[in-house]
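Asker: Have a peek at model-v3.txt (compact mmCIF, C-alpha atoms).
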# COMPACT_ATOMS: atom_id res chain seq x y z
CA MET A 20 -26.22 11.29 -1.51
CA ILE A 21 -23.05 12.76 -0.04
CA ARG A 22 -23.57 15.14 2.87
CA LEU A 23 -22.40 18.75 2.84
CA GLU A 24 -20.97 20.31 5.99
CA ASP A 25 -20.55 24.09 6.16
CA LEU A 26 -17.52 24.71 8.37
CA ARG A 27 -17.15 28.38 7.49
CA GLY A 28 -16.80 30.48 10.61
CA VAL A 29 -15.59 27.47 12.61
CA ALA A 30 -12.30 27.94 14.44
CA LEU A 31 -10.64 25.10 12.55
CA THR A 32 -6.87 24.71 13.00
CA ALA A 33 -4.17 22.14 12.40
CA HIS A 34 -4.56 21.10 16.06
CA ASN A 35 -8.28 20.33 15.98
CA ALA A 36 -8.81 19.41 12.32
CA HIS A 37 -8.87 15.69 13.11
CA GLY A 38 -12.19 16.21 14.83
CA PHE A 39 -13.84 17.35 11.59
CA VAL A 40 -12.71 14.68 9.13
CA PRO A 41 -14.99 11.73 8.37
CA ARG A 42 -13.85 8.18 9.09
CA VAL A 43 -15.31 4.77 8.46
CA THR A 44 -15.99 2.74 11.61
CA LEU A 45 -14.82 -0.87 11.40
CA GLY A 46 -15.17 -3.37 14.24
CA ARG A 47 -12.04 -5.47 14.73
CA ALA A 48 -12.83 -7.96 17.49
CA GLU A 49 -15.10 -10.31 15.53
CA VAL A 50 -12.89 -10.18 12.44
CA ASP A 51 -9.72 -10.86 14.44
CA SER A 52 -11.32 -13.86 16.15
CA THR A 53 -12.34 -15.41 12.84
CA VAL A 54 -8.95 -14.71 11.27
CA VAL A 55 -6.98 -16.30 14.12
CA GLU A 56 -9.09 -19.45 13.86
CA LEU A 57 -8.68 -19.74 10.09
CA MET A 58 -4.94 -19.16 10.25
CA ALA A 59 -4.52 -21.76 12.99
CA GLU A 60 -6.28 -24.32 10.79
CA VAL A 61 -3.87 -23.62 7.94
CA THR A 62 -0.78 -23.97 10.12
CA LYS A 63 -2.12 -27.25 11.53
CA GLU A 64 -3.70 -28.89 8.47
CA GLY A 65 -1.87 -27.28 5.55
CA SER A 66 -3.39 -27.75 2.10
CA LEU A 67 -6.44 -29.60 3.48
CA ALA A 68 -7.50 -26.45 5.33
CA LEU A 69 -6.80 -24.25 2.32
CA LYS A 70 -8.98 -26.41 0.08
CA ARG A 71 -11.75 -26.53 2.69
CA HIS A 72 -11.68 -22.75 3.04
CA ALA A 73 -11.86 -22.34 -0.75
CA LEU A 74 -15.01 -24.45 -0.79
CA GLU A 75 -16.50 -22.62 2.20
CA PHE A 76 -15.73 -19.03 1.20
CA ASP A 77 -15.26 -19.13 -2.57
CA GLY A 78 -17.73 -21.91 -3.33
CA VAL A 79 -15.29 -23.94 -5.39
CA GLU A 80 -13.46 -27.24 -5.05
CA VAL A 81 -9.79 -26.78 -5.87
CA ALA A 82 -7.99 -29.91 -7.02
CA ASP A 83 -4.53 -28.36 -7.18
CA LEU A 84 -3.80 -25.13 -5.31
CA ARG A 85 -0.73 -24.36 -7.39
CA VAL A 86 -1.51 -22.95 -10.82
CA SER A 87 0.21 -24.89 -13.58
CA ALA A 88 2.56 -23.37 -16.12
CA ALA A 89 0.12 -24.42 -18.84
CA ALA A 90 -2.70 -22.47 -17.15
CA LEU A 91 -0.52 -19.36 -16.90
CA LYS A 92 0.48 -19.56 -20.56
CA GLY A 93 -3.12 -20.26 -21.59
CA ALA A 94 -4.37 -17.21 -19.70
CA LEU A 95 -1.87 -14.96 -21.47
CA SER A 96 -2.65 -16.39 -24.90
CA GLY A 97 -6.35 -15.73 -24.32
CA LEU A 98 -5.89 -12.18 -23.03
CA ASP A 99 -7.58 -9.39 -24.97
CA LYS A 100 -4.92 -7.66 -27.08
CA ASP A 101 -5.88 -4.18 -25.89
CA VAL A 102 -5.70 -5.26 -22.25
CA LYS A 103 -2.35 -6.92 -22.90
CA ALA A 104 -0.97 -3.76 -24.50
CA ALA A 105 -2.25 -1.67 -21.58
CA LEU A 106 -0.65 -4.02 -19.05
CA GLN A 107 2.64 -3.95 -20.93
CA GLU A 108 2.66 -0.16 -20.93
CA SER A 109 1.74 -0.10 -17.24
CA ILE A 110 4.61 -2.48 -16.49
CA ARG A 111 7.03 -0.32 -18.48
CA ARG A 112 6.04 2.88 -16.68
CA VAL A 113 5.87 1.42 -13.17
CA ARG A 114 9.19 -0.35 -13.68
CA ALA A 115 10.87 2.90 -14.76
CA ALA A 116 9.64 4.79 -11.69
CA SER A 117 10.39 1.84 -9.38
CA GLU A 118 13.95 1.41 -10.60
CA ASP A 119 14.56 5.12 -10.17
CA ALA A 120 13.34 4.81 -6.57
CA VAL A 121 15.88 2.14 -5.59
CA PRO A 122 18.31 3.78 -3.14
CA ARG A 123 22.02 3.69 -3.89
CA SER A 124 24.68 2.49 -1.49
CA THR A 125 26.64 5.24 0.27
CA THR A 126 29.95 5.27 2.12
CA THR A 127 30.87 7.75 4.85
CA THR A 128 34.58 8.12 5.60
CA TYR A 129 35.79 9.94 8.73
CA ASN A 130 38.76 12.26 9.02
CA ALA A 131 40.40 10.10 11.66
CA GLY A 132 39.89 7.02 9.49
CA GLY A 133 37.28 4.27 9.30
CA SER A 134 34.15 4.07 7.21
CA VAL A 135 30.48 3.14 7.35
CA THR A 136 28.83 1.89 4.19
CA THR A 137 25.04 1.75 4.00
CA ARG A 138 23.83 -0.80 1.48
CA TYR A 139 20.39 -2.14 0.56
CA VAL A 140 19.74 -5.86 0.32
CA PRO A 141 16.52 -7.43 -0.98
CA VAL A 142 14.63 -10.05 0.97
CA ASP A 143 14.94 -13.63 -0.31
CA ARG A 144 11.28 -14.18 -1.05
CA ALA A 145 8.15 -12.03 -1.36
CA GLY A 146 4.46 -12.93 -1.37
CA VAL A 147 1.96 -10.85 -3.32
CA TYR A 148 -1.73 -10.98 -2.44
CA VAL A 149 -4.15 -10.08 -5.24
CA PRO A 150 -7.82 -9.72 -4.21
CA GLY A 151 -10.84 -11.34 -5.82
CA GLY A 152 -14.32 -10.18 -4.85
CA LYS A 153 -16.04 -7.18 -6.39
CA ALA A 154 -13.41 -6.44 -9.06
CA VAL A 155 -10.48 -7.93 -10.95
CA TYR A 156 -7.04 -6.51 -10.17
CA PRO A 157 -4.31 -7.31 -12.71
CA SER A 158 -3.02 -3.82 -11.95
CA SER A 159 -2.25 -4.98 -8.41
CA VAL A 160 -0.14 -7.80 -9.84
CA VAL A 161 1.83 -5.19 -11.77
CA MET A 162 2.28 -2.77 -8.86
CA ASN A 163 3.45 -5.39 -6.36
CA VAL A 164 5.52 -7.64 -8.57
CA VAL A 165 7.33 -4.84 -10.39
CA ALA A 166 8.29 -3.14 -7.11
CA ALA A 167 9.69 -6.44 -5.80
CA GLN A 168 11.53 -7.12 -9.05
CA ALA A 169 13.04 -3.64 -9.05
CA ALA A 170 14.29 -4.29 -5.52
CA GLY A 171 15.99 -7.47 -6.77
CA VAL A 172 13.87 -10.04 -4.92
CA PRO A 173 14.85 -13.43 -6.43
CA ASP A 174 11.66 -15.36 -5.60
CA ILE A 175 8.15 -13.89 -5.91
CA VAL A 176 4.93 -15.81 -5.31
CA VAL A 177 1.44 -14.58 -6.20
CA VAL A 178 -1.75 -15.74 -4.50
CA SER A 179 -5.33 -14.91 -5.49
CA PRO A 180 -8.69 -16.47 -4.57
CA ALA A 181 -10.03 -19.42 -6.54
CA GLN A 182 -12.92 -18.52 -8.84
CA GLN A 183 -15.86 -20.85 -9.36
CA GLU A 184 -16.40 -19.39 -12.83
CA PHE A 185 -12.89 -20.43 -13.88
CA GLY A 186 -12.80 -23.96 -12.52
CA GLY A 187 -11.00 -23.20 -9.29
CA LEU A 188 -8.29 -21.00 -10.83
CA PRO A 189 -7.79 -17.31 -10.07
CA HIS A 190 -9.21 -14.92 -12.64
CA PRO A 191 -7.44 -15.45 -15.99
CA THR A 192 -6.49 -11.77 -16.26
CA ILE A 193 -4.64 -12.11 -12.95
CA LEU A 194 -2.83 -15.17 -14.29
CA ALA A 195 -2.02 -13.42 -17.57
CA ALA A 196 -0.47 -10.48 -15.70
CA ALA A 197 1.65 -12.88 -13.64
CA GLU A 198 2.81 -14.63 -16.82
CA LEU A 199 3.67 -11.30 -18.45
CA LEU A 200 5.88 -10.51 -15.47
CA GLY A 201 7.57 -13.90 -15.44
CA VAL A 202 6.08 -15.08 -12.14
CA THR A 203 6.00 -18.87 -12.18
CA GLU A 204 4.75 -19.57 -8.65
CA VAL A 205 1.05 -18.77 -8.39
CA TYR A 206 -1.56 -20.27 -6.05
CA ALA A 207 -5.35 -20.31 -6.02
CA MET A 208 -6.09 -19.26 -2.46
CA GLY A 209 -7.37 -16.18 -0.74
CA GLY A 210 -8.33 -14.42 2.46
CA ALA A 211 -6.69 -14.90 5.83
CA SER A 212 -5.84 -18.49 4.89
CA ALA A 213 -3.58 -17.33 2.07
CA ILE A 214 -1.78 -14.89 4.35
CA ALA A 215 -1.11 -17.70 6.83
CA ALA A 216 0.20 -19.91 4.03
CA LEU A 217 2.58 -17.20 2.85
CA ALA A 218 3.80 -16.35 6.34
CA TRP A 219 4.45 -19.86 7.63
CA GLY A 220 4.62 -21.91 4.46
CA VAL A 221 2.72 -25.10 3.66
CA PRO A 222 5.18 -28.01 3.64
CA ASP A 223 2.76 -30.62 2.28
CA MET A 224 2.35 -28.63 -0.96
CA GLY A 225 5.91 -27.34 -1.25
CA LEU A 226 5.07 -23.71 -0.49
CA GLU A 227 7.97 -22.06 1.31
CA ALA A 228 7.41 -19.14 3.68
CA VAL A 229 8.09 -15.64 2.41
CA SER A 230 9.84 -12.72 4.10
CA VAL A 231 7.48 -9.91 3.06
CA ILE A 232 3.78 -9.95 2.19
CA SER A 233 2.31 -7.11 0.14
CA GLY A 234 -0.90 -6.35 -1.65
CA PRO A 235 -4.39 -5.04 -0.85
CA GLY A 236 -7.35 -7.05 0.44
CA ASN A 237 -10.50 -6.91 2.51
CA ARG A 238 -10.60 -6.43 6.28
CA TYR A 239 -9.96 -10.15 6.87
CA VAL A 240 -6.79 -9.95 4.80
CA ALA A 241 -5.76 -6.77 6.64
CA ALA A 242 -6.37 -8.45 10.00
CA ALA A 243 -4.35 -11.48 8.92
CA LYS A 244 -1.43 -9.28 7.87
CA ARG A 245 -1.61 -7.64 11.28
CA GLN A 246 -1.43 -11.08 12.92
CA VAL A 247 1.74 -12.11 11.07
CA THR A 248 3.63 -8.84 11.53
CA GLY A 249 6.85 -9.80 13.27
CA GLN A 250 6.90 -13.18 11.59
CA VAL A 251 7.16 -11.44 8.22
CA GLY A 252 7.24 -7.86 6.99
CA ILE A 253 4.11 -6.34 5.46
CA ASP A 254 3.49 -3.30 3.33
CA SER A 255 0.53 -2.00 5.37
CA GLU A 256 -2.88 -3.00 6.71
CA ALA A 257 -4.82 -1.83 3.68
CA GLY A 258 -8.45 -0.92 4.32
CA PRO A 259 -11.22 0.42 2.08
CA THR A 260 -9.99 2.85 -0.57
CA GLU A 261 -10.03 6.61 -0.01
CA ILE A 262 -9.93 9.79 -2.04
CA GLY A 263 -9.59 13.32 -0.76
CA ILE A 264 -9.79 16.40 -2.96
CA VAL A 265 -8.66 19.92 -2.06
CA ALA A 266 -10.32 22.37 -4.47
CA ASP A 267 -11.05 26.06 -4.89
CA GLU A 268 -13.54 27.89 -7.08
CA THR A 269 -11.48 27.20 -10.21
CA ALA A 270 -12.00 23.43 -10.04
CA HIS A 271 -14.26 21.76 -12.60
CA PRO A 272 -17.26 20.26 -10.75
CA GLU A 273 -17.73 17.45 -13.28
CA PHE A 274 -14.08 16.41 -12.89
CA VAL A 275 -14.35 16.48 -9.10
CA ALA A 276 -17.56 14.44 -9.11
CA ALA A 277 -16.15 11.90 -11.57
CA ASP A 278 -13.10 11.34 -9.38
CA LEU A 279 -15.21 10.89 -6.25
CA VAL A 280 -17.35 8.33 -8.08
CA SER A 281 -14.31 6.51 -9.46
CA GLN A 282 -13.09 5.59 -5.99
CA ALA A 283 -16.54 5.07 -4.50
CA GLU A 284 -17.20 2.28 -7.00
CA HIS A 285 -14.60 0.09 -5.29
CA ASP A 286 -16.58 -0.66 -2.17
CA GLU A 287 -19.55 0.45 -0.07
CA LEU A 288 -17.04 1.47 2.62
CA ALA A 289 -14.90 3.57 0.27
CA SER A 290 -14.26 7.11 1.51
CA ALA A 291 -14.73 10.19 -0.71
CA VAL A 292 -14.07 13.62 0.79
CA LEU A 293 -14.04 17.03 -0.91
CA MET A 294 -12.47 19.94 1.00
CA THR A 295 -13.19 23.28 -0.64
CA THR A 296 -13.36 27.01 -0.04
CA SER A 297 -16.23 27.42 -2.51
CA MET A 298 -19.84 26.77 -1.54
CA GLU A 299 -20.76 27.21 -5.20
CA LEU A 300 -18.38 24.41 -6.20
CA ALA A 301 -19.70 22.22 -3.40
CA THR A 302 -23.28 22.67 -4.62
CA ARG A 303 -22.37 22.06 -8.23
CA VAL A 304 -20.43 18.90 -7.29
CA GLN A 305 -23.49 17.59 -5.45
CA GLN A 306 -25.56 18.20 -8.56
CA ALA A 307 -22.96 16.55 -10.79
CA LEU A 308 -22.83 13.54 -8.48
CA THR A 309 -26.58 13.09 -8.76
CA ARG A 310 -26.28 12.92 -12.54
CA GLN A 311 -23.17 10.79 -12.68
CA VAL A 312 -24.17 8.26 -10.06
CA SER A 313 -27.47 7.56 -11.82
CA GLN A 314 -25.49 6.64 -14.94
CA THR A 315 -22.55 4.73 -13.47
CA HIS A 316 -22.32 0.93 -13.68
CA HIS A 317 -22.06 0.35 -9.92
CA ALA A 318 -24.66 2.94 -8.90
CA GLU A 319 -25.85 1.06 -5.82
CA ARG A 320 -22.34 0.58 -4.48
CA VAL A 321 -21.36 4.19 -5.20
CA THR A 322 -24.51 5.52 -3.55
CA ALA A 323 -23.75 3.54 -0.39
CA ALA A 324 -20.14 4.78 -0.27
CA LEU A 325 -20.99 8.44 -0.87
CA GLY A 326 -23.83 8.31 1.64
CA GLY A 327 -21.74 6.66 4.36
CA GLU A 328 -20.24 8.29 7.43
CA GLN A 329 -16.83 8.17 5.77
CA SER A 330 -17.72 10.56 2.92
CA ALA A 331 -18.54 14.27 2.90
CA ILE A 332 -18.12 17.66 1.26
CA LEU A 333 -16.49 20.07 3.71
CA VAL A 334 -16.67 23.80 3.01
CA VAL A 335 -14.12 25.96 4.85
CA ASP A 336 -13.02 29.59 4.89
CA THR A 337 -9.45 29.27 3.61
CA LEU A 338 -7.21 26.94 1.65
CA ASP A 339 -4.96 26.73 4.71
CA GLN A 340 -7.87 25.16 6.57
CA ALA A 341 -8.49 22.79 3.67
CA VAL A 342 -4.85 21.74 3.90
CA ASP A 343 -5.21 21.23 7.66
CA LEU A 344 -8.16 18.93 6.99
CA ALA A 345 -6.24 17.06 4.30
CA ASN A 346 -3.31 16.49 6.66
CA ALA A 347 -5.67 15.31 9.40
CA LEU A 348 -7.42 12.97 6.97
CA ALA A 349 -4.08 11.61 5.69
CA THR A 350 -5.96 10.03 2.85
CA GLU A 351 -4.75 7.27 0.54
CA HIS A 352 -5.18 9.44 -2.58
CA LEU A 353 -5.19 13.25 -2.44
CA GLU A 354 -6.05 15.38 -5.46
CA ILE A 355 -5.22 19.08 -5.57
CA MET A 356 -7.43 21.13 -7.88
CA VAL A 357 -6.65 24.77 -7.15
CA GLU A 358 -5.47 27.74 -9.19
CA ASN A 359 -1.97 27.78 -7.70
CA PRO A 360 -1.21 24.23 -6.49
CA ASP A 361 2.43 24.95 -5.62
CA ASP A 362 1.25 27.37 -2.94
CA ILE A 363 -0.28 24.54 -0.93
CA LEU A 364 1.60 21.46 -2.13
CA ARG A 365 4.58 22.27 0.09
CA ASN A 366 2.27 22.16 3.14
CA ILE A 367 0.73 18.77 2.38
CA ARG A 368 2.51 16.41 4.75
CA HIS A 369 0.24 13.39 5.03
CA ALA A 370 -1.05 11.57 1.96
CA GLY A 371 -0.35 8.23 0.32
CA ALA A 372 0.00 9.78 -3.14
CA ILE A 373 -0.73 13.30 -4.40
CA PHE A 374 -2.31 14.09 -7.77
CA VAL A 375 -1.88 17.68 -8.93
CA GLY A 376 -4.07 19.45 -11.48
CA ASP A 377 -7.19 18.83 -13.49
CA TYR A 378 -5.56 16.17 -15.64
CA SER A 379 -3.96 14.02 -12.93
CA PRO A 380 -6.87 11.87 -11.74
CA VAL A 381 -6.38 9.00 -9.31
CA SER A 382 -7.40 6.65 -12.12
CA ALA A 383 -4.14 7.48 -13.89
CA GLY A 384 -2.20 6.43 -10.80
CA ASP A 385 -4.27 3.27 -10.50
CA TYR A 386 -3.07 2.06 -13.86
CA LEU A 387 -0.62 3.93 -16.03
CA ALA A 388 0.87 7.05 -14.46
CA GLY A 389 3.90 5.05 -13.32
CA SER A 390 3.28 5.62 -9.62
CA ASN A 391 2.38 2.72 -7.31
CA HIS A 392 -1.25 2.35 -6.32
CA VAL A 393 -0.70 0.25 -3.18
CA LEU A 394 -0.97 3.00 -0.57
CA PRO A 395 -1.66 3.42 3.16
CA THR A 396 -5.27 3.92 4.23
CA ALA A 397 -7.14 4.85 7.43
CA GLY A 398 -4.69 7.62 8.30
CA GLY A 399 -1.67 5.37 7.84
CA ALA A 400 -0.03 7.98 5.61
CA LYS A 401 0.92 9.83 8.81
CA PHE A 402 3.52 7.20 9.60
CA THR A 403 4.09 4.92 6.61
CA SER A 404 4.63 5.05 2.87
CA GLY A 405 3.13 3.49 -0.20
CA LEU A 406 4.53 0.34 -1.77
CA SER A 407 7.92 0.74 -3.46
CA PRO A 408 11.15 -1.22 -3.83
CA LEU A 409 11.95 -0.08 -0.28
CA THR A 410 9.19 -2.40 0.96
CA PHE A 411 11.36 -5.34 -0.11
CA LEU A 412 14.77 -3.94 0.83
CA ARG A 413 16.67 -3.90 4.11
CA SER A 414 19.38 -1.40 4.83
CA GLN A 415 22.59 -2.79 6.28
CA GLN A 416 25.59 -0.87 7.54
CA VAL A 417 29.07 -2.25 6.93
CA VAL A 418 31.62 -0.88 9.40
CA GLU A 419 35.32 -1.01 8.53
CA TYR A 420 38.01 0.48 10.78
CA ASP A 421 41.72 -0.23 10.74
CA LYS A 422 43.99 -0.13 13.78
CA ALA A 423 44.81 3.54 13.54
CA ALA A 424 41.18 4.53 13.02
CA LEU A 425 40.03 2.53 16.03
CA GLY A 426 42.83 3.97 18.12
CA ALA A 427 41.63 7.48 17.35
CA ILE A 428 38.28 6.81 19.03
CA ALA A 429 39.36 4.26 21.66
CA ASP A 430 39.38 6.66 24.63
CA SER A 431 35.89 7.92 23.76
CA ILE A 432 34.54 4.37 23.48
CA VAL A 433 35.96 3.53 26.90
CA ALA A 434 34.48 6.70 28.41
CA LEU A 435 30.99 5.94 27.11
CA ALA A 436 31.23 2.27 28.09
CA ARG A 437 32.06 3.24 31.67
CA ALA A 438 29.28 5.81 31.72
CA GLU A 439 26.82 3.08 30.78
CA ASN A 440 28.32 0.64 33.32
CA LEU A 441 29.32 -1.71 30.53
CA PRO A 442 33.09 -1.79 31.02
CA ALA A 443 33.62 -4.92 28.92
CA HIS A 444 32.60 -2.87 25.90
CA GLY A 445 35.63 -0.70 26.52
CA ASP A 446 37.82 -3.71 27.25
CA ALA A 447 36.98 -5.13 23.81
CA VAL A 448 38.74 -2.08 22.38
CA THR A 449 41.67 -1.69 24.79
CA THR A 450 42.54 -5.40 24.60
CA ARG A 451 43.49 -4.96 20.96
CA PHE A 452 46.16 -2.45 21.93
CA LEU A 453 47.30 -4.04 25.21
CA GLU A 454 48.14 -7.22 23.30
CA ALA A 455 50.43 -5.13 21.15
CA GLY A 456 51.86 -3.36 24.18
CA GLU A 457 50.65 -0.01 22.97
CA LEU A 458 48.51 1.05 25.95
What would the structure in this file look like if it were written as structure tokens?
Answerer:
Amino acid sequence: MIRLEDLRGVALTAHNAHGFVPRVTLGRAEVDSTVVELMAEVTKEGSLALKRHALEFDGVEVADLRVSAAALKGALSGLDKDVKAALQESIRRVRAASEDAVPRSTTTTYNAGGSVTTRYVPVDRAGVYVPGGKAVYPSSVVMNVVAAQAAGVPDIVVVSPAQQEFGGLPHPTILAAAELLGVTEVYAMGGASAIAALAWGVPDMGLEAVSVISGPGNRYVAAAKRQVTGQVGIDSEAGPTEIGIVADETAHPEFVAADLVSQAEHDELASAVLMTTSMELATRVQQALTRQVSQTHHAERVTAALGGEQSAILVVDTLDQAVDLANALATEHLEIMVENPDDILRNIRHAGAIFVGDYSPVSAGDYLAGSNHVLPTAGGAKFTSGLSPLTFLRSQQVVEYDKAALGAIADSIVALARAENLPAHGDAVTTRFLEAGEL
């Protein structure tokens, strides 16, 4: 079961906290080599390679990689009514929060004249990757597609691995979610091959390249997204899921344990870390985990995740130290379960998303809280953000100066141009006035 580390009495500070947080160790070299080879086959052979990879990795022969409109409609008509209602409510909530997050254009006007307008323009086309594997992720369809739609992306394509059980189509719940959202371009393909297809296009099957690729996936998908960065934009290199919890003696041990288990059931490499000032809570959480894990559906998977190097219960002297650990961990999901959360919330700088209080579990964010669940992992929260409309938007600045406004700054432009030994930059300004005989 999960290990307990007593760090009380240790001189733990914001400067050395990174040395105390657990991390999963993932080798990249072998994965990168395989990914490069697979992607090269797709760029060279197109749909033939994609179909061969589906047979090799998914164990299914795919006759047509593009999912038909009839299959999309059929998946929605066969969707369980309770699941449909839940997806519709999730879409409504995520759309509301996403639309509120779209930045507004601004214009700055200077006293001497001239203006700079900053506007936000969506990319032409976005690709959404939805994983197969150990679970089914219609919620990922919602999170990615709604964010792109809120940004105003005109063309959105969804890809998801072919499933042997469903005759070479992606899982029907994935297809139903796409149909609910009005996505008409869906393909049965997965892994690094699908990322290559999205990034470079597949002419022989009419798949055009996209500008941004988003969505979670396994380490092969993450490596493939890393390979195409620069060719296209990506949301992040998503790795195994993570949960961190900062708690004091007032936290409910059963709630804490349940939330650790909920993320550990994703994957054997999932990270679950509790940072607390209470040894009593730590002990009670260990006991609760023993009970809960024995009863959970994916007990073997959860046991492996909690027992891995990436998971631990860390007991420290102060909440300030717990916050230092949380910032060093920069976890994908961070829960705060303390008596006075506002006292520490302002000092949390690095986290993909923050869940405050006993009744804000990560599970709510995964589905229906309205927040986006596509978040940075492996410490990525120190330098990047979770998925949002901004992932699919580019800021552009529109500069507009008239003659008088340019004249007011002409001498300064010339001075800086000469200082940088780029005199033609200055000439481009002075020429406009020499032609008019004004200089």
Asker: Quick one: residues within 7 Å of Ala341 of chain A, all atoms listed in the file counted, chain neighbours fewer than 6 positions away excluded, as a PDB file with C-alpha atoms, keeping the file's coordinate frame?
Answerer:
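And here's part33.pdb as it stands now:
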ATOM      1  CA  VAL A 265      -8.660  19.920  -2.060  1.00  0.00           C
ATOM      2  CA  MET A 294     -12.470  19.940   1.000  1.00  0.00           C
ATOM      3  CA  THR A 295     -13.190  23.280  -0.640  1.00  0.00           C
ATOM      4  CA  VAL A 335     -14.120  25.960   4.850  1.00  0.00           C
TER       5      VAL A 335
END
Asker: Please provide as a list in words all residues within 10 Å of Pro380 of chain A, with the sequence filter that same-chain residues fewer than 3 positions apart are discarded (counting only C-alpha atoms).
Answerer: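 The residues satisfying every condition are Phe274, Val275, Ala277, Asp278, Ser281, His352, Leu353, Glu354, Ile355, Ile373, Phe374, Val375, Gly376, Asp377, Ala383, Gly384, Asp385 and Ala388 of chain A.
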Asker: When you draw a straight line from atom CA of Leu293 of chain A to atom CA of Arg42 of chain A, how long is it in Å?
Answerer: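 Atom-to-atom, atom CA of Leu293 of chain A to atom CA of Arg42 of chain A, that is 13.4 Å.
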Asker: Just how far from atom CA of Ala257 of chain A is atom CA of Gly234 of chain A, in Å to one decimal?
Answerer: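 These atoms are spaced 8.0 Å apart.
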Asker: Which residue gives the smallest distance to Thr315 of chain A among A:Glu284, A:Glu351, A:Glu184, A:Glu328, with all atoms listed in the file counted?
Answerer: A:Glu284
Asker: How many Å lie between atom CA of Gly405 of chain A and atom CA of Glu287 of chain A, rounded to one decimal?
Answerer: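 Atom CA of Glu287 of chain A lies at a distance of 22.9 Å from atom CA of Gly405 of chain A.
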Asker: For Glu108 of chain A, which residue out of A:Val202, A:Leu23, A:Ala68, A:Leu387 is the nearest one, using all atoms listed in the file?
Answerer: A:Leu387
Asker: Looking at only C-alpha atoms, which of A:Arg144, A:Arg303, A:Lys401, A:His285 is the one that sits closest to Gly220 of chain A?
Answerer: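 Among A:Arg144, A:Arg303, A:Lys401, A:His285, it is A:Arg144 that comes nearest to Gly220 of chain A.
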Asker: Just want the 12 Å neighbourhood of Ala213 of chain A, counted on all atoms listed in the file, with same-chain residues fewer than 3 positions away dropped. Output as JSON, numbers by chain.
Answerer: {"A": [54, 57, 58, 59, 60, 61, 62, 65, 66, 68, 69, 70, 72, 73, 84, 146, 147, 148, 149, 150, 176, 177, 178, 179, 180, 181, 205, 206, 207, 208, 209, 210, 216, 217, 218, 219, 220, 221, 226, 228, 229, 232, 233, 234, 236, 239, 240, 241, 243, 244, 247]}
Asker: List every protein, DNA or RNA residue with an atom no more than 7 Å from (14.3, -8.5, -0.4) in the file's coordinates, counting only C-alpha atoms, and format the result as a ChimeraX atom specification.
Answerer: /A:140-144,170-172,411-413
Asker: Pick out the closest residue to Arg238 of chain A from this set: A:Glu358, A:Asp286, A:Asp421, A:Asp223. Count only C-alpha atoms.
Answerer: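 Using only C-alpha atoms, the shortest distance to Arg238 of chain A belongs to A:Asp286.
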Asker: So, with only C-alpha atoms as the atoms that count, which of A:Gly252, A:Pro173, A:Gly133, A:Pro122 lies closest to Ala424 of chain A?
Answerer: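 Using only C-alpha atoms, the shortest distance to Ala424 of chain A belongs to A:Gly133.
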Asker: For a quick check of understanding, using only C-alpha atoms, which of A:Leu308, A:Ala167, A:Ala323, A:Ala94 has the smallest distance to Leu288 of chain A?
Answerer: A:Ala323
Asker: So which residues touch Ser124 of chain A within 12 Å, counting all atoms listed in the file, skipping near sequence neighbours fewer than 2 positions away, as a ChimeraX atom specification?
Answerer: /A:121-122,126-127,135-140,413-417
Asker: Once 3 Å is added on each side, what centre and edge lengths in Å to one decimal does the axis-aligned box around all listed atoms of segment 323-326 of chain A have, as JSON?
Answerer:
{"center_x": -22.0, "center_y": 6.0, "center_z": 0.4, "size_x": 9.7, "size_y": 10.9, "size_z": 8.5}
